[in-house]
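*Asks:* Before anything else, here's the structure in question.
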Amino acid sequence: MSNQVLKERLNQTIELISTRLEELIKLAAIGTLNLEEEEENSYGSNNSSNAGTNSNSNLLVENNSEINIATTSLSMVNTQTMQLIKGIEDLLVLSRNIKEKWLLTQIPKDEEENELDYEMVEQLLDGCMNELIGE
């Protein structure tokens with residue numbers, strides 16, 4: 001991969017992660033707002049004189065709608081979280097690719113540079129042996 005492709009993928013992944021995180025924050029705020037509204041409604045209905053006039057069917061409909069909202073919210077949070085995890089995994093793969101590319105560019109490409117000069121090594125070994133033995 002070229003540097004430009006890596007930069008583009010990095011920018012796309014960062015954008016995806018940022019978007020998913022924003023969505024999660026919005027969903028958390030919506031859940032908090034719904035709880036606050038429910039508390040206000042229950043407080044207001046307890047204080048009103050018509051609190052006892054609600055029928056069982058209205059309560060059932062309200063409970064079903066609350067369950068549907070909670071289920072939908074939970075599903076959306078789960079989806080956003082999975083996409084956030086996928087983005088982070090992509091980021092890890094990108095960083096591994098960058099590290100591999102950096103390491104591979106550190107390896108010399110000339111095969112001749114990696115070959116040993118056996119004659120020079122033999123001369124060095126002979127010189128060391130002569131010094132150690134004292135010949």
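Ligands are numbered from 1 in the order shown, residues from 1 within each chain, and chains are lettered A, B, ... in the order they appear in the structure tokens.
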Env of range 86-93 of chain A: 12 Å cut, atoms = only C-alpha atoms, seq-sep filter 6 positions within chain, self excluded. Answer as a compact mmCIF listing (two decimals) with all heavy atoms, in the first residue's frame.
*Replies:*
```
# COMPACT_ATOMS: atom_id res chain seq x y z
N LEU A 6 -2.79 4.64 2.62
CA LEU A 6 -2.83 4.49 4.07
C LEU A 6 -3.42 5.73 4.74
O LEU A 6 -4.22 5.61 5.67
CB LEU A 6 -1.43 4.22 4.61
CG LEU A 6 -0.86 2.83 4.35
CD1 LEU A 6 0.59 2.76 4.79
CD2 LEU A 6 -1.68 1.78 5.06
N LYS A 7 -3.05 6.91 4.27
CA LYS A 7 -3.60 8.14 4.84
C LYS A 7 -5.10 8.24 4.61
O LYS A 7 -5.85 8.64 5.51
CB LYS A 7 -2.90 9.37 4.24
CG LYS A 7 -1.50 9.57 4.75
CD LYS A 7 -0.86 10.79 4.10
CE LYS A 7 0.58 10.94 4.52
NZ LYS A 7 1.24 12.08 3.86
N GLU A 8 -5.55 7.87 3.41
CA GLU A 8 -6.98 7.92 3.10
C GLU A 8 -7.76 6.94 3.98
O GLU A 8 -8.82 7.29 4.51
CB GLU A 8 -7.21 7.63 1.62
CG GLU A 8 -6.79 8.74 0.70
CD GLU A 8 -6.93 8.39 -0.77
OE1 GLU A 8 -7.55 7.35 -1.08
OE2 GLU A 8 -6.44 9.16 -1.60
N ARG A 9 -7.24 5.73 4.11
CA ARG A 9 -7.92 4.75 4.96
C ARG A 9 -7.94 5.19 6.41
O ARG A 9 -8.93 5.00 7.12
CB ARG A 9 -7.25 3.39 4.83
CG ARG A 9 -7.60 2.70 3.52
CD ARG A 9 -7.15 1.28 3.45
NE ARG A 9 -7.72 0.48 4.53
CZ ARG A 9 -7.22 -0.69 4.91
NH1 ARG A 9 -6.16 -1.17 4.31
NH2 ARG A 9 -7.78 -1.36 5.88
N LEU A 10 -6.84 5.81 6.85
CA LEU A 10 -6.78 6.32 8.22
C LEU A 10 -7.83 7.40 8.43
O LEU A 10 -8.56 7.39 9.43
CB LEU A 10 -5.38 6.85 8.51
CG LEU A 10 -5.15 7.41 9.91
CD1 LEU A 10 -5.29 6.32 10.95
CD2 LEU A 10 -3.78 8.05 9.99
N ASN A 11 -7.93 8.34 7.49
CA ASN A 11 -8.92 9.41 7.60
C ASN A 11 -10.35 8.86 7.58
O ASN A 11 -11.20 9.32 8.34
CB ASN A 11 -8.72 10.44 6.50
CG ASN A 11 -7.48 11.27 6.70
OD1 ASN A 11 -6.99 11.42 7.82
ND2 ASN A 11 -6.94 11.80 5.62
N GLN A 12 -10.60 7.88 6.72
CA GLN A 12 -11.94 7.28 6.65
C GLN A 12 -12.27 6.57 7.96
O GLN A 12 -13.40 6.68 8.47
CB GLN A 12 -12.02 6.29 5.50
CG GLN A 12 -12.00 6.92 4.13
CD GLN A 12 -11.87 5.88 3.02
OE1 GLN A 12 -11.65 4.71 3.28
NE2 GLN A 12 -12.01 6.33 1.78
N THR A 13 -11.32 5.86 8.50
CA THR A 13 -11.56 5.13 9.75
C THR A 13 -11.79 6.09 10.90
O THR A 13 -12.69 5.88 11.72
CB THR A 13 -10.37 4.20 10.05
OG1 THR A 13 -10.16 3.33 8.93
CG2 THR A 13 -10.63 3.37 11.28
N ILE A 14 -11.01 7.15 10.96
CA ILE A 14 -11.20 8.15 12.02
C ILE A 14 -12.57 8.81 11.90
O ILE A 14 -13.26 9.00 12.90
CB ILE A 14 -10.06 9.19 11.99
CG1 ILE A 14 -8.75 8.55 12.43
CG2 ILE A 14 -10.39 10.41 12.84
CD1 ILE A 14 -7.54 9.43 12.24
N GLU A 15 -12.97 9.10 10.69
CA GLU A 15 -14.29 9.71 10.47
C GLU A 15 -15.40 8.76 10.89
O GLU A 15 -16.36 9.16 11.54
CB GLU A 15 -14.45 10.08 8.98
CG GLU A 15 -15.73 10.79 8.67
CD GLU A 15 -15.81 12.17 9.30
OE1 GLU A 15 -14.77 12.82 9.49
OE2 GLU A 15 -16.94 12.60 9.61
N LEU A 16 -15.25 7.48 10.57
CA LEU A 16 -16.25 6.48 10.95
C LEU A 16 -16.35 6.36 12.47
O LEU A 16 -17.45 6.36 13.03
CB LEU A 16 -15.89 5.12 10.35
CG LEU A 16 -16.77 3.95 10.77
CD1 LEU A 16 -18.10 4.01 10.05
CD2 LEU A 16 -16.07 2.64 10.52
N ILE A 17 -15.20 6.29 13.13
CA ILE A 17 -15.20 6.17 14.59
C ILE A 17 -15.83 7.41 15.22
O ILE A 17 -16.63 7.30 16.15
CB ILE A 17 -13.76 5.95 15.11
CG1 ILE A 17 -13.28 4.54 14.71
CG2 ILE A 17 -13.68 6.12 16.61
CD1 ILE A 17 -11.81 4.29 15.00
N SER A 18 -15.48 8.58 14.73
CA SER A 18 -16.05 9.82 15.28
C SER A 18 -17.56 9.87 15.11
O SER A 18 -18.29 10.23 16.03
CB SER A 18 -15.43 11.04 14.59
OG SER A 18 -14.05 11.08 14.80
N THR A 19 -18.04 9.48 13.93
CA THR A 19 -19.47 9.49 13.66
C THR A 19 -20.20 8.52 14.58
O THR A 19 -21.24 8.86 15.15
CB THR A 19 -19.73 9.10 12.19
OG1 THR A 19 -19.01 9.99 11.34
CG2 THR A 19 -21.20 9.16 11.85
N ARG A 20 -19.67 7.33 14.73
CA ARG A 20 -20.32 6.32 15.59
C ARG A 20 -20.33 6.76 17.04
O ARG A 20 -21.31 6.55 17.75
CB ARG A 20 -19.64 4.96 15.45
CG ARG A 20 -19.71 4.38 14.06
CD ARG A 20 -21.13 4.29 13.58
NE ARG A 20 -21.15 3.98 12.17
CZ ARG A 20 -22.03 4.46 11.32
NH1 ARG A 20 -22.96 5.28 11.72
NH2 ARG A 20 -21.98 4.14 10.05
N LEU A 21 -19.26 7.39 17.48
CA LEU A 21 -19.19 7.86 18.86
C LEU A 21 -20.21 8.99 19.08
O LEU A 21 -20.89 9.02 20.12
CB LEU A 21 -17.78 8.34 19.18
CG LEU A 21 -17.46 8.58 20.64
CD1 LEU A 21 -17.74 7.34 21.48
CD2 LEU A 21 -16.01 8.98 20.80
N THR A 79 -25.96 -1.64 17.58
CA THR A 79 -25.46 -1.48 16.21
C THR A 79 -24.32 -0.47 16.17
O THR A 79 -23.27 -0.72 15.56
CB THR A 79 -26.59 -1.03 15.27
OG1 THR A 79 -27.63 -2.00 15.31
CG2 THR A 79 -26.10 -0.87 13.85
N GLN A 80 -24.51 0.69 16.81
CA GLN A 80 -23.48 1.72 16.81
C GLN A 80 -22.22 1.23 17.51
O GLN A 80 -21.11 1.51 17.08
CB GLN A 80 -23.99 3.00 17.48
CG GLN A 80 -25.15 3.66 16.77
CD GLN A 80 -24.79 4.14 15.38
OE1 GLN A 80 -23.66 4.50 15.10
NE2 GLN A 80 -25.76 4.15 14.49
N LYS A 99 3.38 -0.19 10.55
CA LYS A 99 4.59 -0.71 11.21
C LYS A 99 5.33 -1.68 10.30
O LYS A 99 6.57 -1.64 10.20
CB LYS A 99 4.22 -1.42 12.51
CG LYS A 99 3.80 -0.48 13.61
CD LYS A 99 3.34 -1.26 14.83
CE LYS A 99 2.73 -0.35 15.87
NZ LYS A 99 2.18 -1.11 17.01
N GLU A 100 4.59 -2.56 9.63
CA GLU A 100 5.23 -3.51 8.71
C GLU A 100 5.92 -2.78 7.58
O GLU A 100 7.04 -3.11 7.20
CB GLU A 100 4.19 -4.48 8.14
CG GLU A 100 3.71 -5.51 9.12
CD GLU A 100 2.59 -6.38 8.58
OE1 GLU A 100 2.16 -6.17 7.41
OE2 GLU A 100 2.13 -7.26 9.31
```
*Asks:* Rounded to one decimal in Å, what is the spacing between CA of Leu94 in chain A and CA of Ile25 in chain A?
*Replies:*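 Going from CA of Leu94 in chain A over to CA of Ile25 in chain A, I get 25.7 Å.
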*Asks:* Could you state the separation of CA of Ile85 in chain A and CA of Leu103 in chain A in Å, given to one decimal place?
*Replies:*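 Here the two named atoms are 27.1 Å from each other.
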